$ cat upload-v9.tsv   # TSV, C-alpha atoms and all ligand atoms
chain	number	residue	atom	x	y	z
I	666	MET	CA	30.88	-15.84	32.07
I	667	ARG	CA	31.85	-19.07	30.32
I	668	ARG	CA	29.74	-19.89	27.32
I	669	GLN	CA	28.16	-23.33	27.36
I	670	SER	CA	29.90	-25.61	24.90
I	671	SER	CA	26.76	-27.55	24.02
I	672	GLY	CA	24.05	-26.28	21.64
I	673	PRO	CA	24.30	-24.55	18.30
I	674	GLY	CA	25.97	-21.41	19.63
I	675	ARG	CA	27.73	-19.26	17.10
I	676	ARG	CA	29.65	-16.06	17.01
I	677	GLU	CA	29.80	-13.65	14.11
I	678	LYS	CA	31.92	-10.68	13.30
I	679	GLY	CA	30.02	-7.44	13.47
I	680	VAL	CA	29.48	-5.44	10.30
I	681	GLY	CA	28.29	-1.92	9.82
I	682	SER	CA	28.68	0.94	12.27
I	683	GLY	CA	27.13	1.07	15.69
I	684	VAL	CA	26.26	-2.61	16.01
I	685	LYS	CA	28.45	-4.84	18.14
I	686	ALA	CA	29.30	-8.36	17.04
I	687	PRO	CA	26.15	-10.39	17.73
I	688	VAL	CA	26.53	-13.50	19.82
I	689	TYR	CA	23.92	-16.15	19.26
I	690	SER	CA	23.31	-19.12	21.48
I	691	GLY	CA	20.35	-21.46	21.23
I	692	LYS	CA	17.99	-20.81	18.34
I	693	LEU	CA	19.00	-18.71	15.38
I	694	PRO	CA	17.67	-15.21	14.79
I	695	LEU	CA	14.87	-14.98	12.22
I	696	ILE	CA	17.11	-13.29	9.65
I	697	GLU	CA	19.68	-16.10	9.88
I	698	ARG	CA	17.09	-18.86	9.57
I	699	TYR	CA	15.47	-17.36	6.49
I	700	ARG	CA	18.45	-15.42	5.13
I	701	SER	CA	18.04	-16.69	1.55
I	702	PHE	CA	14.39	-15.57	1.46
I	703	LEU	CA	14.98	-12.07	2.80
I	704	PRO	CA	16.44	-8.91	1.21
I	705	VAL	CA	19.62	-8.97	3.32
I	706	SER	CA	23.28	-9.30	2.36
I	707	LYS	CA	26.59	-9.75	4.14
I	708	LYS	CA	26.60	-5.96	4.58
I	709	THR	CA	23.38	-6.01	6.62
I	710	PRO	CA	24.09	-5.77	10.36
I	711	VAL	CA	21.70	-8.23	11.99
I	712	VAL	CA	19.92	-6.57	14.92
I	713	THR	CA	18.16	-9.38	16.73
I	714	LEU	CA	16.59	-10.42	20.02
I	715	GLN	CA	16.15	-14.01	18.72
I	716	GLU	CA	12.64	-13.48	17.45
I	717	GLY	CA	10.42	-15.93	15.59
I	718	ASP	CA	10.24	-19.73	15.86
I	719	THR	CA	7.21	-19.33	18.12
I	720	PRO	CA	5.01	-22.24	19.31
I	721	LEU	CA	2.41	-23.74	16.97
I	722	LEU	CA	0.13	-25.62	19.36
I	723	ARG	CA	-2.67	-28.06	18.57
I	724	ALA	CA	-5.74	-26.84	20.50
I	725	SER	CA	-7.77	-29.95	21.30
I	726	ASN	CA	-9.84	-28.35	24.06
I	727	LEU	CA	-10.84	-25.62	21.64
I	728	GLU	CA	-11.64	-28.29	19.03
I	729	ARG	CA	-14.07	-29.90	21.51
I	730	HIS	CA	-15.63	-26.51	22.19
I	731	LEU	CA	-16.18	-26.02	18.44
I	732	GLU	CA	-17.92	-29.40	18.26
I	733	GLN	CA	-20.29	-28.23	21.00
I	734	ILE	CA	-21.06	-25.04	19.07
I	735	SER	CA	-21.69	-26.89	15.81
I	736	GLY	CA	-23.60	-29.72	17.48
I	737	GLN	CA	-21.73	-32.36	15.47
I	738	SER	CA	-18.40	-34.15	15.50
I	739	LEU	CA	-15.81	-32.30	13.50
I	740	GLY	CA	-12.51	-33.43	12.03
I	741	LEU	CA	-11.05	-29.93	12.24
I	742	GLU	CA	-7.46	-29.67	13.45
I	743	VAL	CA	-7.02	-26.31	15.12
I	744	TYR	CA	-3.56	-24.84	15.74
I	745	LEU	CA	-2.67	-21.69	17.61
I	746	LYS	CA	0.41	-19.75	16.48
I	747	TYR	CA	1.49	-18.07	19.68
I	748	ASP	CA	3.36	-15.00	18.47
I	749	GLY	CA	3.08	-13.46	21.93
I	750	ALA	CA	6.14	-15.63	22.65
I	751	ASN	CA	8.36	-13.24	20.68
I	752	PRO	CA	10.98	-11.30	22.69
I	753	THR	CA	8.90	-8.16	23.19
I	754	GLY	CA	5.68	-10.14	23.39
I	755	SER	CA	4.19	-9.61	19.93
I	756	PHE	CA	4.55	-10.52	16.26
I	757	LYS	CA	5.99	-7.06	15.58
I	758	ASP	CA	9.48	-8.36	16.36
I	759	ARG	CA	9.45	-10.39	13.12
I	760	GLY	CA	9.24	-7.24	11.04
I	761	MET	CA	11.24	-5.06	13.40
I	762	THR	CA	14.42	-7.16	13.22
I	763	MET	CA	14.33	-6.52	9.46
I	764	ALA	CA	13.34	-2.85	9.60
I	765	ILE	CA	16.00	-1.93	12.16
I	766	SER	CA	18.73	-4.04	10.53
I	767	LYS	CA	18.07	-2.42	7.14
I	768	ALA	CA	17.87	1.05	8.73
I	769	MET	CA	21.32	0.42	10.25
I	770	GLU	CA	22.66	-0.76	6.90
I	771	GLU	CA	21.39	2.48	5.36
I	772	GLY	CA	23.04	4.54	8.12
I	773	THR	CA	19.85	5.89	9.72
I	774	ARG	CA	19.81	8.86	12.14
I	775	GLY	CA	17.00	7.29	14.12
I	776	VAL	CA	13.58	5.66	13.75
I	777	ILE	CA	10.02	6.80	14.30
I	778	CYS	CA	6.64	5.09	14.41
I	779	ALA	CA	3.01	5.63	15.34
I	780	SER	CA	1.59	2.82	17.39
I	781	THR	CA	-1.29	1.34	19.30
I	782	GLY	CA	1.48	-0.04	21.54
I	783	ASN	CA	3.14	-3.17	20.23
I	784	THR	CA	5.00	-1.59	17.32
I	785	SER	CA	6.39	1.02	19.70
I	786	ALA	CA	7.48	-1.61	22.26
I	787	SER	CA	9.26	-3.54	19.53
I	788	ALA	CA	10.80	-0.52	17.78
I	789	ALA	CA	12.07	0.81	21.12
I	790	ALA	CA	13.69	-2.50	22.04
I	791	TYR	CA	15.40	-3.10	18.68
I	792	ALA	CA	16.52	0.54	18.49
I	793	ALA	CA	18.03	0.21	21.98
I	794	ARG	CA	19.84	-2.94	20.87
I	795	ALA	CA	21.17	-1.13	17.79
I	796	GLY	CA	22.14	1.94	19.81
I	797	ILE	CA	20.00	4.40	17.83
I	798	ARG	CA	17.27	6.86	18.78
I	799	CYS	CA	13.64	5.91	18.67
I	800	PHE	CA	10.62	8.23	18.65
I	801	VAL	CA	7.14	6.87	19.16
I	802	VAL	CA	3.80	8.60	18.82
I	803	ILE	CA	0.81	6.99	20.52
I	804	PRO	CA	-2.89	7.84	20.88
I	805	ASP	CA	-3.22	9.36	24.35
I	806	GLY	CA	-5.09	7.13	26.81
I	807	ASN	CA	-5.56	4.28	24.38
I	808	ILE	CA	-2.60	1.99	24.71
I	809	ALA	CA	-2.20	-0.86	27.19
I	810	MET	CA	0.10	-0.12	30.14
I	811	GLY	CA	2.47	-3.02	29.53
I	812	LYS	CA	3.29	-1.69	26.09
I	813	LEU	CA	3.89	1.85	27.30
I	814	ALA	CA	6.12	0.45	30.05
I	815	GLN	CA	8.22	-1.38	27.46
I	816	ALA	CA	8.75	1.68	25.25
I	817	VAL	CA	9.72	3.99	28.12
I	818	MET	CA	12.05	1.43	29.71
I	819	ALA	CA	13.88	0.99	26.39
I	820	GLY	CA	14.58	4.71	26.38
I	821	ALA	CA	12.38	5.73	23.47
I	822	LYS	CA	11.05	9.26	23.35
I	823	VAL	CA	7.33	8.69	23.71
I	824	ILE	CA	4.82	11.35	22.72
I	825	ALA	CA	1.09	10.91	23.25
I	826	VAL	CA	-1.15	12.84	20.87
I	827	ARG	CA	-4.71	13.94	21.53
I	828	GLY	CA	-6.02	11.88	18.68
I	829	ASN	CA	-6.31	8.33	17.43
I	830	PHE	CA	-3.84	5.97	15.75
I	831	ASP	CA	-4.77	7.10	12.23
I	832	GLN	CA	-3.95	10.70	13.13
I	833	ALA	CA	-0.70	9.62	14.79
I	834	LEU	CA	0.31	7.70	11.65
I	835	ALA	CA	-0.35	10.71	9.42
I	836	LEU	CA	1.84	12.81	11.75
I	837	VAL	CA	4.79	10.40	11.81
I	838	ARG	CA	4.75	10.07	8.02
I	839	GLU	CA	5.24	13.82	7.90
I	840	ALA	CA	7.87	13.78	10.64
I	841	ALA	CA	9.86	10.96	8.99
I	842	GLU	CA	9.96	12.90	5.74
I	843	GLY	CA	10.77	16.28	7.26
I	844	MET	CA	13.24	15.09	9.91
I	845	LYS	CA	15.03	12.39	7.90
I	846	LEU	CA	14.06	9.59	10.26
I	847	THR	CA	13.32	6.02	9.19
I	848	LEU	CA	9.64	5.16	9.46
I	849	VAL	CA	9.24	1.68	10.98
I	850	ASN	CA	5.48	1.24	10.71
I	851	SER	CA	4.37	-1.60	8.45
I	852	ILE	CA	4.40	0.71	5.44
I	853	ASN	CA	8.15	0.14	5.69
I	854	PRO	CA	8.51	-2.74	3.18
I	855	TYR	CA	11.11	-4.56	5.30
I	856	ARG	CA	8.54	-4.98	8.08
I	857	ILE	CA	6.29	-6.95	5.74
I	858	GLU	CA	9.26	-9.06	4.54
I	859	GLY	CA	10.08	-10.07	8.12
I	860	GLN	CA	6.45	-10.75	9.02
I	861	LYS	CA	6.13	-13.22	6.13
I	862	SER	CA	8.23	-15.55	8.29
I	863	ALA	CA	5.19	-16.46	10.42
I	864	ALA	CA	3.61	-18.12	7.37
I	865	TRP	CA	6.92	-19.80	6.43
I	866	GLU	CA	7.19	-21.28	9.94
I	867	ILE	CA	3.64	-22.64	9.77
I	868	VAL	CA	4.31	-24.29	6.40
I	869	ASP	CA	7.60	-25.69	7.71
I	870	ALA	CA	5.80	-27.15	10.74
I	871	LEU	CA	2.68	-28.54	9.00
I	872	GLY	CA	4.41	-29.51	5.74
I	873	SER	CA	1.86	-27.44	3.85
I	874	ALA	CA	-0.33	-24.39	4.36
I	875	PRO	CA	-3.47	-24.89	6.48
I	876	ASP	CA	-6.90	-24.74	4.82
I	877	PHE	CA	-7.91	-21.64	6.77
I	878	HIS	CA	-5.87	-18.96	8.52
I	879	PHE	CA	-7.66	-16.72	11.05
I	880	ILE	CA	-5.93	-13.48	11.96
I	881	PRO	CA	-6.79	-10.17	13.69
I	882	VAL	CA	-6.72	-7.12	11.41
I	883	GLY	CA	-5.87	-3.58	12.43
I	884	ASN	CA	-3.53	-1.64	10.16
I	885	ALA	CA	-3.63	-4.75	7.94
I	886	GLY	CA	0.13	-5.32	7.54
I	887	ASN	CA	0.05	-8.77	9.11
I	888	ILE	CA	-2.68	-10.29	6.94
I	889	THR	CA	-0.88	-8.83	3.91
I	890	ALA	CA	2.44	-10.35	5.01
I	891	HIS	CA	0.96	-13.76	5.78
I	892	TRP	CA	-0.67	-14.02	2.37
I	893	LEU	CA	2.58	-13.06	0.61
I	894	GLY	CA	4.48	-15.52	2.80
I	895	TYR	CA	2.14	-18.39	1.96
I	896	LYS	CA	2.43	-17.59	-1.74
I	897	ASP	CA	6.27	-17.64	-1.42
I	898	SER	CA	6.16	-21.07	0.21
I	899	LEU	CA	3.97	-22.47	-2.56
I	900	GLU	CA	6.27	-21.02	-5.22
I	901	ARG	CA	9.18	-22.73	-3.49
I	902	GLY	CA	7.35	-26.02	-3.87
I	903	GLN	CA	6.22	-26.45	-0.26
I	904	GLY	CA	2.76	-28.01	-0.19
I	905	SER	CA	0.19	-27.80	-2.95
I	906	ALA	CA	-2.41	-25.27	-1.86
I	907	LEU	CA	-2.95	-21.90	-0.22
I	908	PRO	CA	-5.13	-21.11	2.79
I	909	LYS	CA	-8.29	-19.04	2.78
I	910	MET	CA	-7.37	-15.90	4.70
I	911	MET	CA	-9.96	-15.06	7.37
I	912	GLY	CA	-9.27	-11.60	8.83
I	913	PHE	CA	-11.20	-10.18	11.80
I	914	GLN	CA	-11.66	-6.59	12.86
I	915	ALA	CA	-13.38	-5.30	15.97
I	916	ALA	CA	-16.99	-4.30	15.21
I	917	GLY	CA	-16.39	-0.68	16.25
I	918	ALA	CA	-13.28	-0.44	14.07
I	919	ALA	CA	-14.14	-2.41	10.96
I	920	PRO	CA	-13.44	-0.20	7.92
I	921	LEU	CA	-12.55	-3.16	5.70
I	922	VAL	CA	-15.86	-4.82	6.42
I	923	ASP	CA	-17.93	-1.64	6.23
I	924	GLY	CA	-16.12	-0.56	3.05
I	925	ALA	CA	-15.13	2.94	4.24
I	926	PRO	CA	-12.74	4.48	6.78
I	927	VAL	CA	-14.13	4.80	10.31
I	928	GLU	CA	-13.51	8.27	11.70
I	929	ASN	CA	-13.82	7.41	15.39
I	930	PRO	CA	-12.90	3.75	15.81
I	931	GLU	CA	-13.80	2.22	19.18
I	932	THR	CA	-12.97	-1.15	20.75
I	933	LEU	CA	-11.53	-2.42	24.00
I	934	ALA	CA	-8.99	-4.28	21.86
I	935	THR	CA	-6.89	-1.12	21.65
I	936	ALA	CA	-4.22	-2.77	19.47
I	937	ILE	CA	-6.68	-2.87	16.57
I	938	ARG	CA	-8.50	0.39	17.28
I	939	ILE	CA	-7.77	1.63	13.74
I	940	GLY	CA	-10.16	3.32	11.31
I	941	ASN	CA	-8.11	3.64	8.13
I	942	PRO	CA	-5.65	0.77	7.66
I	943	ALA	CA	-2.46	1.64	5.78
I	944	SER	CA	-2.35	-1.78	4.09
I	945	TRP	CA	-6.01	-1.66	3.02
I	946	ASP	CA	-5.24	-2.90	-0.51
I	947	GLY	CA	-3.02	-5.73	0.73
I	948	ALA	CA	-5.78	-7.00	3.01
I	949	VAL	CA	-8.37	-6.89	0.25
I	950	ARG	CA	-6.00	-8.76	-2.08
I	951	ALA	CA	-5.35	-11.42	0.58
I	952	ARG	CA	-9.09	-11.86	1.07
I	953	ASP	CA	-10.03	-11.93	-2.62
I	954	GLU	CA	-7.11	-13.94	-4.01
I	955	SER	CA	-7.50	-16.56	-1.27
I	956	GLY	CA	-11.30	-16.74	-1.42
I	957	GLY	CA	-11.46	-15.86	2.28
I	958	ARG	CA	-13.41	-13.30	4.25
I	959	ILE	CA	-12.77	-10.25	6.40
I	960	GLY	CA	-15.38	-10.11	9.11
I	961	LYS	CA	-16.06	-8.32	12.34
I	962	VAL	CA	-16.49	-9.51	15.92
I	963	THR	CA	-17.97	-7.56	18.81
I	964	ASP	CA	-16.07	-6.67	21.96
I	965	ALA	CA	-18.20	-9.26	23.77
I	966	ASP	CA	-17.10	-11.93	21.24
I	967	ILE	CA	-13.48	-10.86	21.74
I	968	ILE	CA	-13.75	-11.15	25.54
I	969	GLU	CA	-15.39	-14.58	25.26
I	970	ALA	CA	-12.52	-15.85	23.07
I	971	TYR	CA	-9.95	-14.13	25.33
I	972	ARG	CA	-11.26	-16.00	28.37
I	973	LEU	CA	-11.61	-19.27	26.48
I	974	LEU	CA	-8.00	-19.22	25.24
I	975	ALA	CA	-6.64	-18.72	28.73
I	976	SER	CA	-8.99	-21.09	30.55
I	977	ALA	CA	-9.23	-23.90	27.98
I	978	GLU	CA	-5.75	-23.84	26.47
I	979	GLY	CA	-3.56	-22.01	28.99
I	980	LEU	CA	-2.71	-19.39	26.38
I	981	PHE	CA	-2.88	-15.87	27.68
I	982	ALA	CA	-3.10	-13.55	24.70
I	983	GLU	CA	-4.10	-9.90	24.60
I	984	PRO	CA	-7.68	-9.02	23.57
I	985	ALA	CA	-6.83	-8.05	19.96
I	986	SER	CA	-5.21	-11.46	19.49
I	987	ALA	CA	-8.41	-13.18	20.56
I	988	ALA	CA	-10.21	-11.62	17.57
I	989	SER	CA	-8.82	-14.47	15.45
I	990	VAL	CA	-10.39	-17.10	17.70
I	991	ALA	CA	-13.61	-15.07	18.01
I	992	GLY	CA	-13.68	-15.18	14.20
I	993	LEU	CA	-13.23	-18.96	14.24
I	994	LEU	CA	-16.11	-19.35	16.72
I	995	GLN	CA	-18.25	-17.18	14.45
I	996	ALA	CA	-17.32	-19.14	11.31
I	997	VAL	CA	-18.17	-22.46	13.01
I	998	ALA	CA	-21.47	-21.08	14.35
I	999	ARG	CA	-22.34	-20.01	10.79
I	1000	ALA	CA	-21.35	-23.45	9.45
I	1001	GLU	CA	-18.89	-21.69	7.16
I	1002	LEU	CA	-16.10	-24.25	7.48
I	1003	PRO	CA	-15.97	-27.77	6.10
I	1004	ARG	CA	-16.15	-30.57	8.69
I	1005	GLU	CA	-12.52	-31.52	8.13
I	1006	GLY	CA	-9.35	-29.60	7.56
I	1007	LYS	CA	-6.56	-27.64	9.20
I	1008	VAL	CA	-7.08	-24.25	10.77
I	1009	VAL	CA	-4.45	-21.89	12.16
I	1010	CYS	CA	-5.32	-18.91	14.38
I	1011	THR	CA	-2.63	-16.31	15.03
I	1012	LEU	CA	-2.33	-15.04	18.59
I	1013	THR	CA	-0.53	-11.80	17.91
I	1014	GLY	CA	0.37	-10.51	21.38
I	1015	HIS	CA	0.95	-11.68	24.96
I	1016	GLY	CA	-1.79	-11.32	27.58
I	1017	LEU	CA	0.60	-9.59	29.99
I	1018	LYS	CA	0.67	-6.61	27.66
I	1019	ASP	CA	-2.71	-5.54	29.04
I	1020	PRO	CA	-3.00	-6.68	32.66
I	1021	GLU	CA	-5.70	-4.11	33.39
I	1022	ARG	CA	-8.09	-5.74	30.93
I	1023	ALA	CA	-7.39	-9.18	32.40
I	1024	ILE	CA	-8.07	-8.02	35.93
I	1025	LYS	CA	-11.28	-6.30	34.83
I	1026	THR	CA	-12.39	-9.48	33.05
I	1027	ALA	CA	-11.62	-12.11	35.69
I	1028	THR	CA	-12.82	-12.70	39.26
I	1029	ARG	CA	-10.70	-10.89	41.79
I	1030	PRO	CA	-8.86	-13.06	44.35
I	1031	ALA	CA	-10.38	-13.49	47.82
I	1032	VAL	CA	-8.41	-11.92	50.66
I	1033	VAL	CA	-8.23	-13.87	53.93
I	1034	ASP	CA	-6.43	-13.62	57.29
I	1035	ALA	CA	-3.05	-15.33	57.39
I	1036	THR	CA	-4.30	-18.37	59.34
I	1037	PHE	CA	-4.84	-21.96	58.20
I	1038	ASP	CA	-8.48	-21.89	59.36
I	1039	ALA	CA	-9.24	-18.83	57.27
I	1040	LEU	CA	-7.45	-20.34	54.27
I	1041	ARG	CA	-9.29	-23.67	54.64
I	1042	ALA	CA	-12.65	-21.93	54.94
I	1043	GLU	CA	-11.97	-20.17	51.65
I	1044	LEU	CA	-10.62	-23.30	49.91
I	1045	ASP	CA	-13.76	-25.22	50.95
I	1046	SER	CA	-16.16	-22.52	49.85
H	1101	LIG	N1	-2.79	-7.81	17.18
H	1101	LIG	C1	-1.98	-7.04	17.91
H	1101	LIG	C2	-1.65	-7.50	19.28
H	1101	LIG	C3	-1.47	-5.83	17.39
H	1101	LIG	O1	-0.67	-5.08	18.14
H	1101	LIG	C4	-1.84	-5.43	16.08
H	1101	LIG	C5	-1.35	-4.18	15.52
H	1101	LIG	C6	-2.67	-6.29	15.36
H	1101	LIG	C7	-3.12	-7.45	15.93
H	1101	LIG	C8	-3.09	-5.98	13.96
H	1101	LIG	O2	-2.04	-6.16	13.06
H	1101	LIG	O3	-1.97	-3.87	12.16
H	1101	LIG	O4	-0.80	-5.74	11.02
H	1101	LIG	O5	-3.29	-5.61	11.02
H	1101	LIG	N2	-0.72	-3.30	16.17
H	1101	LIG	C9	-0.12	-2.09	15.59
H	1101	LIG	C10	0.73	-1.39	16.63
H	1101	LIG	C11	-1.03	-1.22	14.85
H	1101	LIG	O6	0.93	-0.16	16.53
H	1101	LIG	O7	1.26	-2.04	17.51
H	1101	LIG	P1	-2.01	-5.30	11.73

$ encode --input "upload-v9.tsv" --output "structure tokens"
Amino acid sequence: MRRQSSGPGRREKGVGSGVKAPVYSGKLPLIERYRSFLPVSKKTPVVTLQEGDTPLLRASNLERHLEQISGQSLGLEVYLKYDGANPTGSFKDRGMTMAISKAMEEGTRGVICASTGNTSASAAAYAARAGIRCFVVIPDGNIAMGKLAQAVMAGAKVIAVRGNFDQALALVREAAEGMKLTLVNSINPYRIEGQKSAAWEIVDALGSAPDFHFIPVGNAGNITAHWLGYKDSLERGQGSALPKMMGFQAAGAAPLVDGAPVENPETLATAIRIGNPASWDGAVRARDESGGRIGKVTDADIIEAYRLLASAEGLFAEPASAASVAGLLQAVARAELPREGKVVCTLTGHGLKDPERAIKTATRPAVVDATFDALRAELDS
């Protein structure tokens, strides 16, 4: 097929073994856009699906809703960072492009991760792109179908354990060590480096960090990465302040709020059904250094925010993602925010990841005979 001559297309020579010469057209891969900020060199083979550069949308319908909750007019500007628009449908691609590229540079035999679903979907896709093996370990019965579909289609070897995410993570740490595989959970430092890019993009777009950043918290890598990313931007002279980091866990899986690991975490937001976050210290640092808060929201709060995002803003995000907006609703109800300022909420994953939850949550469609009369009767009702 002929390549279009317009647009910033570019072609690069491949480096390293096993990775073909990447061909970019349209937007640049995350590693190319932020090359000077990332631990990559000319020797690093860039494994990319053109991740990052996701929408940052002003949410004026949500702003009006917040005014109703607070009972007063607010000058809050609310932005939604829609990371579900990444190639595999979650923010994990930001870190995975780095983790897999560096694993290739180091000549890996293959990669392994534990996952509540999104990490495995991303790892499987980037490993397929790089032409290496991928092993994923998931908690049996507790990952959304869309995510499982992605991992199996990409050819990963998927193993479900009778246990939860925390147990799966302990097992893959052991397996990575014993079987000489590269661990691509967020304890892999390159994952965090790549995930900082979400904060860099927000600062690039707004000209400065927001006053508050609301984010879901599970294994706590993303809140850790955002805080580090914001601090990088400030050090580089972008803007003059840092945001307060507002992390939200599900009430049944809130070890950071309760101050101790939760042995049997429970929430319908399966992505954040985690009882002992690996980046515990990073999350606490983000909270304390920024003067923010890590709070908890109930499953009912999560579902309310999940519906609101889709129906008021047209943004279909998975339940765990809605924890950030549930946290914002809570903070406004508690009059915790000033009346003016900029707020960013991260929407970590796409709503299509978990169609079963959506169908359970919404009204089912009416079924009618295939006649105009039957259709009109239903449309009028
Ligand atoms: N939102 C979604 C959609 C997620 O998939 C995750 C984590 C989080 C939020 C929380 O981010 O762990 O950095 O605090 N998912 C991991 C996984 C655990 O295996 O896909 P975190």

$ residues_near_ligand --input "upload-v9.tsv" --ligand "ligand LIG 1101 (chain H)" --cutoff "7 Å" --atoms "all atoms listed in the file" --output "list in words"
Ser755, Ala779, Ser780, Thr781, Gly782, Asn783, Thr784, Ser785, Pro881, Val882, Gly883, Asn884, Ala885, Gly886, Asn887, Ile888, Ala936, Ile937, Glu983, Ala985, Ser986, Thr1013 and Gly1014 of chain I

$ residues_around --input "upload-v9.tsv" --residues "Thr1026 (chain I)" --least-positions-apart "6" --cutoff "10 Å" --atoms "all atoms listed in the file" --output "list in words"
Ile968, Glu969, Tyr971, Arg972 and Pro1020 of chain I

$ closest_atom_pairs --input "upload-v9.tsv" --of "region 920-939 of chain I" --to "region 946-955 of chain I" --cutoff "12 Å" --atoms "only C-alpha atoms" --output "tab-separated table"
residue	atom	partner	partner_atom	distance
I:Pro920	CA	I:Ala948	CA	11.4
I:Leu921	CA	I:Val949	CA	7.8
I:Val922	CA	I:Val949	CA	9.9
I:Gly924	CA	I:Val949	CA	10.4

$ axis_aligned_box --input "upload-v9.tsv" --around "region 960-974 of chain I" --padding-each-side "6 Å" --output "JSON"
{"center_x": -13.1, "center_y": -13.0, "center_z": 18.7, "size_x": 22.2, "size_y": 24.6, "size_z": 31.3}

$ residues_around --input "upload-v9.tsv" --residues "region 805-812 of chain I" --least-positions-apart "3" --cutoff "12 Å" --atoms "only C-alpha atoms" --output "short mmCIF file (atom, residue, chain, number, x, y, z; two decimals) with C-alpha atoms, keeping the file's coordinate frame"
data_model
loop_
_atom_site.label_atom_id
_atom_site.label_comp_id
_atom_site.auth_asym_id
_atom_site.auth_seq_id
_atom_site.Cartn_x
_atom_site.Cartn_y
_atom_site.Cartn_z
CA THR I 753 8.90 -8.16 23.19
CA GLY I 754 5.68 -10.14 23.39
CA SER I 755 4.19 -9.61 19.93
CA ALA I 779 3.01 5.63 15.34
CA SER I 780 1.59 2.82 17.39
CA THR I 781 -1.29 1.34 19.30
CA GLY I 782 1.48 -0.04 21.54
CA ASN I 783 3.14 -3.17 20.23
CA THR I 784 5.00 -1.59 17.32
CA SER I 785 6.39 1.02 19.70
CA ALA I 786 7.48 -1.61 22.26
CA SER I 787 9.26 -3.54 19.53
CA ALA I 788 10.80 -0.52 17.78
CA ALA I 789 12.07 0.81 21.12
CA ALA I 790 13.69 -2.50 22.04
CA VAL I 801 7.14 6.87 19.16
CA VAL I 802 3.80 8.60 18.82
CA GLN I 815 8.22 -1.38 27.46
CA ALA I 816 8.75 1.68 25.25
CA VAL I 817 9.72 3.99 28.12
CA MET I 818 12.05 1.43 29.71
CA ALA I 819 13.88 0.99 26.39
CA VAL I 823 7.33 8.69 23.71
CA ILE I 824 4.82 11.35 22.72
CA ALA I 825 1.09 10.91 23.25
CA VAL I 826 -1.15 12.84 20.87
CA ARG I 827 -4.71 13.94 21.53
CA GLY I 828 -6.02 11.88 18.68
CA ASN I 829 -6.31 8.33 17.43
CA PHE I 830 -3.84 5.97 15.75
CA GLN I 832 -3.95 10.70 13.13
CA ALA I 833 -0.70 9.62 14.79
CA PRO I 930 -12.90 3.75 15.81
CA GLU I 931 -13.80 2.22 19.18
CA THR I 932 -12.97 -1.15 20.75
CA LEU I 933 -11.53 -2.42 24.00
CA ALA I 934 -8.99 -4.28 21.86
CA THR I 935 -6.89 -1.12 21.65
CA ALA I 936 -4.22 -2.77 19.47
CA ILE I 937 -6.68 -2.87 16.57
CA ARG I 938 -8.50 0.39 17.28
CA ILE I 939 -7.77 1.63 13.74
CA GLU I 983 -4.10 -9.90 24.60
CA PRO I 984 -7.68 -9.02 23.57
CA ALA I 985 -6.83 -8.05 19.96
CA GLY I 1014 0.37 -10.51 21.38
CA HIS I 1015 0.95 -11.68 24.96
CA GLY I 1016 -1.79 -11.32 27.58
CA LEU I 1017 0.60 -9.59 29.99
CA LYS I 1018 0.67 -6.61 27.66
CA ASP I 1019 -2.71 -5.54 29.04
CA PRO I 1020 -3.00 -6.68 32.66
CA GLU I 1021 -5.70 -4.11 33.39
CA ARG I 1022 -8.09 -5.74 30.93
CA ALA I 1023 -7.39 -9.18 32.40
#

$ atom_distance --input "upload-v9.tsv" --atom1 "CA of Ser862 (chain I)" --atom2 "CA of Ile967 (chain I)"
26.0 Å

$ closest_residue --input "upload-v9.tsv" --among "I:Leu871, I:Ala970, I:Arg856, I:Ala890" --to "Arg723 (chain I)" --atoms "all atoms listed in the file"
I:Leu871

$ residues_around --input "upload-v9.tsv" --residues "Val868 (chain I)" --least-positions-apart "2" --cutoff "10 Å" --atoms "all atoms listed in the file" --output "PyMOL selection string"
chain I and resi 862-866+870-875+894-895+898-899+903-904

$ atom_distance --input "upload-v9.tsv" --atom1 "CA of Thr963 (chain I)" --atom2 "CA of Ile1024 (chain I)"
19.8 Å

$ atom_distance --input "upload-v9.tsv" --atom1 "CA of Pro1003 (chain I)" --atom2 "CA of Arg958 (chain I)"
14.8 Å

$ residues_around --input "upload-v9.tsv" --residues "Glu978 (chain I)" --least-positions-apart "2" --cutoff "8 Å" --atoms "only C-alpha atoms" --output "PyMOL selection string"
chain I and resi 724+726-727+973-976+980

$ residues_around --input "upload-v9.tsv" --residues "Val1008 (chain I)" --least-positions-apart "5" --cutoff "7 Å" --atoms "only C-alpha atoms" --output "ChimeraX atom specification"
/I:742-744,875-878

$ closest_residue --input "upload-v9.tsv" --among "I:Val849, I:Ile803, I:Ile696, I:Ala841" --to "Ala764 (chain I)" --atoms "only C-alpha atoms"
I:Val849

$ decode --input "upload-v9.tsv" --residues "region 968-979 of chain I" --atoms "C-alpha atoms" --output "PDB file, in the first residue's frame"
ATOM      1  CA  ILE I 968     -21.314   3.109  39.910  1.00  0.00           C
ATOM      2  CA  GLU I 969     -22.854   6.569  40.287  1.00  0.00           C
ATOM      3  CA  ALA I 970     -19.721   8.209  38.840  1.00  0.00           C
ATOM      4  CA  TYR I 971     -19.479   5.509  36.133  1.00  0.00           C
ATOM      5  CA  ARG I 972     -23.008   6.300  34.935  1.00  0.00           C
ATOM      6  CA  LEU I 973     -22.499  10.045  35.237  1.00  0.00           C
ATOM      7  CA  LEU I 974     -19.343  10.030  33.096  1.00  0.00           C
ATOM      8  CA  ALA I 975     -21.050   8.159  30.292  1.00  0.00           C
ATOM      9  CA  SER I 976     -24.388   9.968  30.417  1.00  0.00           C
ATOM     10  CA  ALA I 977     -23.196  13.523  31.137  1.00  0.00           C
ATOM     11  CA  GLU I 978     -19.911  13.612  29.245  1.00  0.00           C
ATOM     12  CA  GLY I 979     -20.085  10.759  26.727  1.00  0.00           C
TER      13      GLY I 979
END
